[in-house]
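Below is upload_37.txt, which holds compact mmCIF, C-alpha atoms.
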```txt
# COMPACT_ATOMS: atom_id res chain seq x y z
CA MET Z 1 7.55 15.71 7.23
CA ALA Z 2 9.86 14.12 9.77
CA THR Z 3 13.33 15.58 9.84
CA ALA Z 4 14.69 13.57 12.72
CA THR Z 5 13.64 10.49 14.56
CA THR Z 6 13.09 10.20 18.26
CA ARG Z 7 12.06 6.57 18.46
CA ILE Z 8 14.50 4.87 16.14
CA THR Z 9 17.67 4.11 17.97
CA SER Z 10 20.24 1.63 16.68
CA ALA Z 11 18.88 -0.92 19.17
CA ARG Z 12 15.28 -0.42 18.04
CA PHE Z 13 16.32 -0.66 14.39
CA GLU Z 14 17.90 -4.04 15.04
CA GLN Z 15 14.53 -5.32 16.27
CA GLY Z 16 12.98 -4.96 12.81
CA LEU Z 17 12.29 -7.95 10.59
CA THR Z 18 14.61 -8.89 7.79
CA TYR Z 19 12.89 -9.29 4.42
CA SER Z 20 13.07 -13.07 4.67
CA ASP Z 21 11.55 -12.95 8.18
CA PHE Z 22 8.82 -10.66 6.89
CA LEU Z 23 7.99 -12.99 4.01
CA ALA Z 24 8.04 -16.03 6.26
CA ALA Z 25 5.54 -14.36 8.59
CA ALA Z 26 3.30 -13.05 5.81
CA SER Z 27 -0.14 -14.68 5.67
CA VAL Z 28 -0.85 -13.33 2.20
CA ASN Z 29 0.70 -12.13 -1.06
CA ARG Z 30 4.00 -14.01 -0.95
CA ASP Z 31 3.50 -14.68 -4.66
CA LYS Z 32 3.09 -10.96 -5.39
CA PHE Z 33 6.26 -10.06 -3.48
CA GLU Z 34 8.17 -12.74 -5.36
CA GLN Z 35 6.75 -11.63 -8.72
CA ASN Z 36 7.77 -7.99 -8.17
CA TYR Z 37 11.18 -8.96 -6.80
CA ASN Z 38 11.76 -11.02 -9.94
CA ASN Z 39 10.63 -8.10 -12.13
CA PRO Z 40 13.07 -5.46 -10.87
CA VAL Z 41 12.89 -1.88 -12.08
CA LEU Z 42 16.41 -0.82 -11.02
CA THR Z 43 18.80 -0.01 -13.85
CA ALA Z 44 22.59 -0.43 -13.80
CA ASP Z 45 22.83 3.35 -13.38
CA ASP Z 46 20.51 3.18 -10.35
CA ARG Z 47 22.67 0.53 -8.74
CA ILE Z 48 25.79 2.67 -9.23
CA PHE Z 49 23.99 5.69 -7.75
CA PHE Z 50 22.85 3.81 -4.65
CA GLN Z 51 26.32 2.28 -4.18
CA LYS Z 52 27.89 5.77 -4.35
CA ALA Z 53 25.28 7.17 -1.99
CA SER Z 54 25.90 4.44 0.58
CA GLN Z 55 29.66 5.08 0.40
CA HIS Z 56 29.17 8.77 1.26
CA PRO Z 57 30.30 9.43 4.87
CA ASP Z 58 26.78 10.47 5.83
CA GLY Z 59 25.13 8.15 3.32
CA PRO Z 60 22.43 5.54 3.82
CA ARG Z 61 23.57 2.38 5.55
CA LYS Z 62 20.24 1.49 7.10
CA MET Z 63 16.72 1.48 5.67
CA LEU Z 64 13.69 1.22 7.92
CA VAL Z 65 10.52 0.07 6.15
CA ILE Z 66 7.01 0.41 7.54
CA ALA Z 67 4.80 -2.16 5.84
CA GLU Z 68 2.00 -4.72 5.97
CA ALA Z 69 1.88 -7.72 3.64
CA TRP Z 70 -1.79 -7.20 2.73
CA CYS Z 71 -1.19 -3.77 1.16
CA GLY Z 72 -1.02 -3.48 -2.62
CA ASP Z 73 1.39 -0.54 -2.54
CA VAL Z 74 3.66 -2.57 -0.27
CA TYR Z 75 3.86 -5.67 -2.45
CA ARG Z 76 4.55 -3.42 -5.44
CA GLU Z 77 7.22 -1.18 -3.85
CA LEU Z 78 8.91 -3.18 -1.08
CA PRO Z 79 10.72 -5.55 -3.49
CA THR Z 80 12.26 -2.46 -5.10
CA ALA Z 81 13.50 -1.27 -1.70
CA VAL Z 82 14.99 -4.70 -1.13
CA ARG Z 83 16.79 -4.49 -4.48
CA ILE Z 84 18.15 -1.04 -3.55
CA ALA Z 85 19.38 -2.34 -0.20
CA GLU Z 86 20.99 -5.41 -1.78
CA SER Z 87 22.74 -3.38 -4.47
CA ALA Z 88 24.18 -0.84 -2.01
CA GLY Z 89 24.90 -2.94 1.07
CA ILE Z 90 22.18 -1.22 3.11
CA ASP Z 91 20.77 -3.04 6.14
CA LEU Z 92 16.98 -3.20 5.62
CA ARG Z 93 14.61 -3.82 8.52
CA ILE Z 94 10.83 -4.00 8.34
CA PHE Z 95 8.39 -2.87 11.03
CA LEU Z 96 4.73 -3.87 10.76
CA ARG Z 97 2.63 -0.73 10.79
CA ASP Z 98 -0.15 -2.01 12.99
CA GLU Z 99 2.24 -3.40 15.62
CA ASN Z 100 4.43 -0.28 15.75
CA PRO Z 101 2.09 2.73 16.00
CA ASP Z 102 4.81 4.89 17.59
CA ILE Z 103 7.01 4.53 14.51
CA MET Z 104 4.09 5.11 12.13
CA GLU Z 105 3.21 8.24 14.10
CA GLU Z 106 6.52 9.81 13.05
CA PHE Z 107 5.89 9.29 9.35
CA LEU Z 108 2.22 10.16 8.82
CA SER Z 109 1.37 11.63 5.43
CA ASN Z 110 -1.43 13.86 4.13
CA ASN Z 111 -0.78 16.52 6.81
CA GLY Z 112 -0.70 13.97 9.58
CA LYS Z 113 -4.01 12.33 8.64
CA SER Z 114 -2.89 9.21 6.75
CA ARG Z 115 -0.99 6.10 7.81
CA ALA Z 116 0.02 5.42 4.19
CA ILE Z 117 2.50 2.61 3.56
CA PRO Z 118 5.05 1.61 2.55
CA VAL Z 119 7.44 4.12 4.11
CA PHE Z 120 11.15 3.78 3.37
CA VAL Z 121 13.32 5.73 5.84
CA PHE Z 122 17.04 6.07 5.17
CA TYR Z 123 19.53 6.39 8.04
CA SER Z 124 23.26 6.77 8.28
CA VAL Z 125 25.44 4.15 9.90
CA ASP Z 126 24.90 5.80 13.30
CA THR Z 127 21.12 5.91 12.72
CA LYS Z 128 20.87 9.59 11.84
CA TYR Z 129 17.81 10.35 9.71
CA ILE Z 130 18.58 11.21 6.05
CA THR Z 131 15.28 11.20 4.14
CA HIS Z 132 12.18 9.11 3.52
CA PHE Z 133 9.79 8.07 0.77
CA THR Z 134 6.11 7.32 1.33
CA GLU Z 135 3.65 5.05 -0.46
CA ARG Z 136 4.12 5.75 -4.17
CA SER Z 137 5.60 8.22 -6.62
CA ALA Z 138 4.27 11.72 -7.18
CA SER Z 139 3.50 10.63 -10.76
CA ALA Z 140 1.24 7.88 -9.40
CA HIS Z 141 -0.69 10.40 -7.31
CA ALA Z 142 -0.96 12.68 -10.35
CA GLY Z 143 -2.00 9.72 -12.49
CA LEU Z 144 -4.81 8.86 -10.10
CA ALA Z 145 -6.08 12.44 -10.24
CA LEU Z 146 -5.94 12.35 -14.06
CA ALA Z 147 -7.73 8.97 -14.17
CA MET Z 148 -10.51 10.40 -12.03
CA GLU Z 149 -10.82 13.40 -14.31
CA GLN Z 150 -10.97 11.17 -17.41
CA ALA Z 151 -13.51 8.84 -15.80
CA ARG Z 152 -15.74 11.81 -14.91
CA ALA Z 153 -15.63 12.96 -18.54
CA LYS Z 154 -16.38 9.49 -19.92
CA LEU Z 155 -19.27 8.90 -17.53
CA ASN Z 156 -20.65 12.45 -17.86
CA LEU Z 157 -20.18 13.12 -14.18
CA PRO Z 158 -19.81 16.65 -12.78
CA ALA Z 159 -16.32 17.90 -11.93
CA SER Z 160 -17.33 17.79 -8.27
CA ALA Z 161 -17.96 14.01 -8.34
CA THR Z 162 -15.84 12.04 -5.86
CA PHE Z 163 -15.93 8.54 -4.41
CA GLY Z 164 -17.57 10.03 -1.35
CA ASN Z 165 -20.44 11.96 -2.90
CA LEU Z 166 -21.69 9.68 -5.69
CA PRO Z 167 -24.54 7.28 -4.95
CA ASP Z 168 -24.27 3.66 -6.02
CA PRO Z 169 -24.32 2.32 -8.73
CA ALA Z 170 -22.71 5.45 -10.27
CA ARG Z 171 -20.01 5.31 -7.58
CA GLN Z 172 -19.10 1.74 -8.51
CA GLU Z 173 -19.03 2.56 -12.21
CA PHE Z 174 -16.74 5.53 -11.52
CA LEU Z 175 -14.44 3.46 -9.32
CA LEU Z 176 -14.14 0.59 -11.82
CA ASP Z 177 -13.32 3.02 -14.62
CA VAL Z 178 -10.61 4.70 -12.51
CA ILE Z 179 -9.07 1.33 -11.57
CA SER Z 180 -8.94 0.21 -15.21
CA ARG Z 181 -7.06 3.41 -16.13
CA ILE Z 182 -4.44 3.34 -13.38
CA GLU Z 183 -3.59 -0.36 -13.67
CA LEU Z 184 -1.95 0.31 -17.03
CA HIS Z 185 0.74 2.44 -15.40
CA ALA Z 186 1.82 0.28 -12.43
CA ASP Z 187 5.28 -0.61 -13.77
CA ARG Z 188 6.05 2.95 -14.88
CA TRP Z 189 5.09 4.25 -11.46
CA ARG Z 190 7.38 1.69 -9.80
CA ARG Z 191 10.18 3.03 -11.98
CA ASP Z 192 9.23 6.62 -11.08
CA ALA Z 193 9.45 5.70 -7.39
CA VAL Z 194 13.11 4.74 -7.89
CA LYS Z 195 13.80 8.09 -9.58
CA GLU Z 196 12.11 9.88 -6.71
CA ILE Z 197 14.12 7.99 -4.09
CA ARG Z 198 17.30 8.88 -5.97
CA GLN Z 199 16.32 12.53 -6.01
CA LEU Z 200 15.52 12.50 -2.29
CA LEU Z 201 18.91 11.01 -1.45
CA ALA Z 202 20.77 13.24 -3.89
CA THR Z 203 19.18 16.33 -2.36
CA ALA Z 204 19.80 15.22 1.22
CA LEU Z 205 23.44 14.28 0.56
CA HIS Z 206 24.18 17.01 -2.03
CA LEU Z 207 25.02 14.42 -4.67
CA PRO Z 208 24.63 14.87 -8.41
CA ASP Z 209 21.76 12.83 -9.82
CA ALA Z 210 20.97 12.45 -13.51
CA ALA Z 211 18.11 9.93 -13.08
CA MET J 1 -14.72 -19.49 2.26
CA THR J 2 -16.36 -22.34 0.45
CA ALA J 3 -19.23 -22.00 -2.00
CA GLN J 4 -21.38 -23.65 0.70
CA ASP J 5 -20.49 -20.94 3.23
CA ARG J 6 -21.26 -18.25 0.70
CA THR J 7 -24.62 -19.80 -0.10
CA ALA J 8 -25.40 -20.05 3.62
CA ALA J 9 -24.66 -16.36 4.17
CA HIS J 10 -26.84 -15.38 1.26
CA GLN J 11 -29.65 -17.68 2.30
CA GLU J 12 -29.66 -15.72 5.55
CA LYS J 13 -30.00 -12.56 3.43
CA ILE J 14 -26.98 -10.87 4.91
CA PRO J 15 -24.12 -9.33 2.95
CA ILE J 16 -20.63 -10.74 2.93
CA VAL J 17 -18.00 -8.07 3.47
CA TYR J 18 -14.32 -8.64 2.69
CA THR J 19 -12.16 -6.44 4.91
CA ILE J 20 -8.70 -5.67 6.19
CA ARG J 21 -8.73 -4.45 9.76
CA GLY J 22 -5.80 -2.11 9.05
CA CYS J 23 -7.76 -0.42 6.24
CA ASP J 24 -9.39 2.82 7.39
CA SER J 25 -12.25 2.54 4.88
CA CYS J 26 -13.06 -0.97 6.13
CA VAL J 27 -13.02 0.15 9.75
CA LYS J 28 -15.34 3.07 8.93
CA LEU J 29 -17.81 0.84 7.10
CA LEU J 30 -17.94 -1.71 9.93
CA ALA J 31 -18.31 1.08 12.52
CA LYS J 32 -21.28 2.44 10.56
CA TRP J 33 -22.90 -0.95 10.23
CA ASP J 34 -22.28 -1.80 13.88
CA ALA J 35 -23.86 1.50 14.96
CA GLU J 36 -26.88 0.63 12.84
CA LYS J 37 -26.91 -2.91 14.29
CA PHE J 38 -26.67 -4.16 10.72
CA VAL J 39 -25.88 -7.88 10.43
CA TYR J 40 -23.08 -8.95 8.10
CA ASP J 41 -20.67 -11.80 7.48
CA GLU J 42 -17.13 -10.39 7.71
CA ARG J 43 -14.28 -12.14 5.91
CA ARG J 44 -10.84 -10.78 6.80
CA VAL J 45 -8.63 -11.06 3.76
CA GLU J 46 -5.37 -10.28 5.56
CA LEU J 47 -5.60 -13.50 7.52
CA SER J 48 -5.50 -16.07 4.74
CA GLN J 49 -4.50 -16.33 1.12
CA ALA J 50 -7.65 -18.38 0.39
CA THR J 51 -9.91 -15.57 1.63
CA LEU J 52 -7.85 -12.98 -0.23
CA ASP J 53 -8.14 -14.99 -3.46
CA GLU J 54 -11.88 -15.30 -2.90
CA ALA J 55 -12.18 -11.52 -2.48
CA ARG J 56 -10.19 -10.93 -5.66
CA GLN J 57 -12.91 -12.70 -7.61
CA TYR J 58 -15.15 -9.77 -6.74
CA GLY J 59 -12.89 -6.75 -6.83
CA LYS J 60 -9.59 -5.04 -6.21
CA LEU J 61 -10.33 -2.62 -3.36
CA VAL J 62 -11.51 -3.47 0.12
CA PRO J 63 -13.99 -3.21 1.63
CA ILE J 64 -15.81 -5.38 -0.90
CA VAL J 65 -19.48 -6.02 -0.16
CA VAL J 66 -21.27 -8.90 -1.88
CA TRP J 67 -24.99 -8.43 -1.39
CA PRO J 68 -27.36 -11.41 -1.30
CA ASP J 69 -28.79 -10.39 -4.70
CA GLY J 70 -25.28 -10.62 -6.23
CA ARG J 71 -24.47 -6.92 -6.39
CA VAL J 72 -20.87 -6.09 -5.59
CA GLU J 73 -19.66 -2.79 -4.13
CA GLN J 74 -16.03 -1.81 -3.56
CA GLY J 75 -14.58 0.87 -1.31
CA PHE J 76 -16.34 3.06 1.19
CA GLY J 77 -16.56 6.74 1.88
CA ASP J 78 -14.29 9.42 0.47
CA SER J 79 -11.13 7.41 0.13
CA PHE J 80 -10.16 4.94 -2.54
CA GLY J 81 -9.98 2.00 -0.10
CA CYS J 82 -7.05 -0.41 -0.03
CA PHE J 83 -5.81 -2.35 -3.04
CA ILE J 84 -5.56 -6.08 -2.45
```
Can the structure from this file be put into structure tokens for me?
Amino acid sequence: MATATTRITSARFEQGLTYSDFLAAASVNRDKFEQNYNNPVLTADDRIFFQKASQHPDGPRKMLVIAEAWCGDVYRELPTAVRIAESAGIDLRIFLRDENPDIMEEFLSNNGKSRAIPVFVFYSVDTKYITHFTERSASAHAGLALAMEQARAKLNLPASATFGNLPDPARQEFLLDVISRIELHADRWRRDAVKEIRQLLATALHLPDAA
Amino acid sequence: MTAQDRTAAHQEKIPIVYTIRGCDSCVKLLAKWDAEKFVYDERRVELSQATLDEARQYGKLVPIVVWPDGRVEQGFGDSFGCFI
């Protein structure tokens, strides 16, 4: 996990896209971004927490987002980040993953193997790294693992079955069953992402958090 | 892609593959097919909403392969692919 940034200076941060620039440049999914922005998952308590956090002397005043408009996790989670930034007066700038490999390199996940997005990186007013959140909530990752386990049981597949080792058509049947199970939880996992971001900030800034 | 284009691809007996070039699973599938000199009709969904909407008729994870006989396959390899 990154603990400091070497590439993000205040000047580089300023080069990022605003959300409206990002949307204007997006070739796809503008409707999905709008739909999720208009279906916010922030509570009044969340807004108060993020306002307090941003008022902390070392608190978040800048948020760098690594994203691509085609990514499902991005159109689900980025509108939440925008809501957080708007509620707390945080300057949010977006960097396209595939045009900024040096920034992505600093925030790889899965032990440095995955370029998962979105990534939300919080910085202080003088661009000191605070913390970051990647892709989706821990509950979403756990939910995917559970969905796979349940799909294996339903389809009488061995515990060792994965997307990589099943032949088609069993692989397709497995995948469709997993998708149908995880889709039910999308909104809850968006909410869990907010809780996780709160906890990350609370830990980094030593703030109380009752989320 | 129009229905005419789709019919043309299938009359040539080649699969249509919906991809995103930033998706690792898509890149791996195309690398495999290229190494095998396999012929395919690639449709990049990140470039236009119309192509993305077309792909969504077939599935939710790229790569999505539509075979000439109508079979549809989503994802490739070990990973889940990318949600569209």
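The coordinates place CA of Arg61 in chain Z at 23.4 Å from CA of Asn36 in chain Z.
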request  = Using all atoms listed in the file, determine which residues lie at most 10 Å from range 146-151 of chain Z, disregarding the query and same-chain residues fewer than 6 positions distant; provide the list as a ChimeraX atom specification.
outcome  = /Z:140,157-163,173-182
Requested write-out: C-alpha atoms of the selected residues, as an mmCIF file, keeping the file's coordinate frame:
```
data_model
loop_
_atom_site.group_PDB
_atom_site.id
_atom_site.type_symbol
_atom_site.label_atom_id
_atom_site.label_comp_id
_atom_site.auth_asym_id
_atom_site.auth_seq_id
_atom_site.Cartn_x
_atom_site.Cartn_y
_atom_site.Cartn_z
ATOM 1 C CA ALA Z 140 1.240 7.880 -9.400
ATOM 2 C CA LEU Z 157 -20.180 13.120 -14.180
ATOM 3 C CA PRO Z 158 -19.810 16.650 -12.780
ATOM 4 C CA ALA Z 159 -16.320 17.900 -11.930
ATOM 5 C CA SER Z 160 -17.330 17.790 -8.270
ATOM 6 C CA ALA Z 161 -17.960 14.010 -8.340
ATOM 7 C CA THR Z 162 -15.840 12.040 -5.860
ATOM 8 C CA PHE Z 163 -15.930 8.540 -4.410
ATOM 9 C CA GLU Z 173 -19.030 2.560 -12.210
ATOM 10 C CA PHE Z 174 -16.740 5.530 -11.520
ATOM 11 C CA LEU Z 175 -14.440 3.460 -9.320
ATOM 12 C CA LEU Z 176 -14.140 0.590 -11.820
ATOM 13 C CA ASP Z 177 -13.320 3.020 -14.620
ATOM 14 C CA VAL Z 178 -10.610 4.700 -12.510
ATOM 15 C CA ILE Z 179 -9.070 1.330 -11.570
ATOM 16 C CA SER Z 180 -8.940 0.210 -15.210
ATOM 17 C CA ARG Z 181 -7.060 3.410 -16.130
ATOM 18 C CA ILE Z 182 -4.440 3.340 -13.380
#
```
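Computed from the coordinates, the CA of Val65 in chain Z to CA of Phe33 in chain Z distance equals 14.6 Å.
Compared by their closest atoms to Ala88 in chain Z, and using only C-alpha atoms, the residues Z:Val194, Z:Ile48, Z:Leu17, Z:Leu64 rank with Z:Ile48 nearest.
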ask   = What residues in chain J have any atom no more than 10 Å from chain Z when counting all atoms listed in the file, and can you write them as a VMD selection string?
value = chain J and resid 20 to 24 45 to 53 59 to 61 71 to 84
ask   = Counting only C-alpha atoms, what is within 10 Å of Lys13 in chain J, bar same-chain residues fewer than 6 positions away, as a ChimeraX atom specification?
value = /J:7,39-40,67-69
note = Correct to one decimal, the distance CA of Pro118 in chain Z-CA of Ala81 in chain Z is 9.9 Å
task = Write out as a ChimeraX atom specification each polymer residue whose atoms come within 8 Å of Leu96 in chain Z, counting all atoms listed in the file; drop sequence neighbours fewer than 2 positions from it.
result = /Z:66-68,94,98-100
task = List the neighbours of Thr203 in chain Z out to 12 Å using all atoms listed in the file; skip same-chain residues closer than 4 positions along the sequence, and give me the result as a PyMOL selection string.
result = chain Z and resi 53+59+130-132+196-199+207-210
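Using only C-alpha atoms, the smallest distance between any of J:Gly70, J:Val27, J:Val17, J:Asp41 and Ala55 in chain J comes from J:Val17.
Contact shell of Ala138 in chain Z at 10 Å (all atoms listed in the file; same-chain neighbours under 4 positions omitted): Thr134, Ala142, Gly143, Leu144, Trp189, Asp192, Ala193 and Glu196 of chain Z.
Closest approach to Asp45 in chain Z among Z:Ser124, Z:Ser87, Z:Arg76, Z:Glu14: Z:Ser87, based on only C-alpha atoms.
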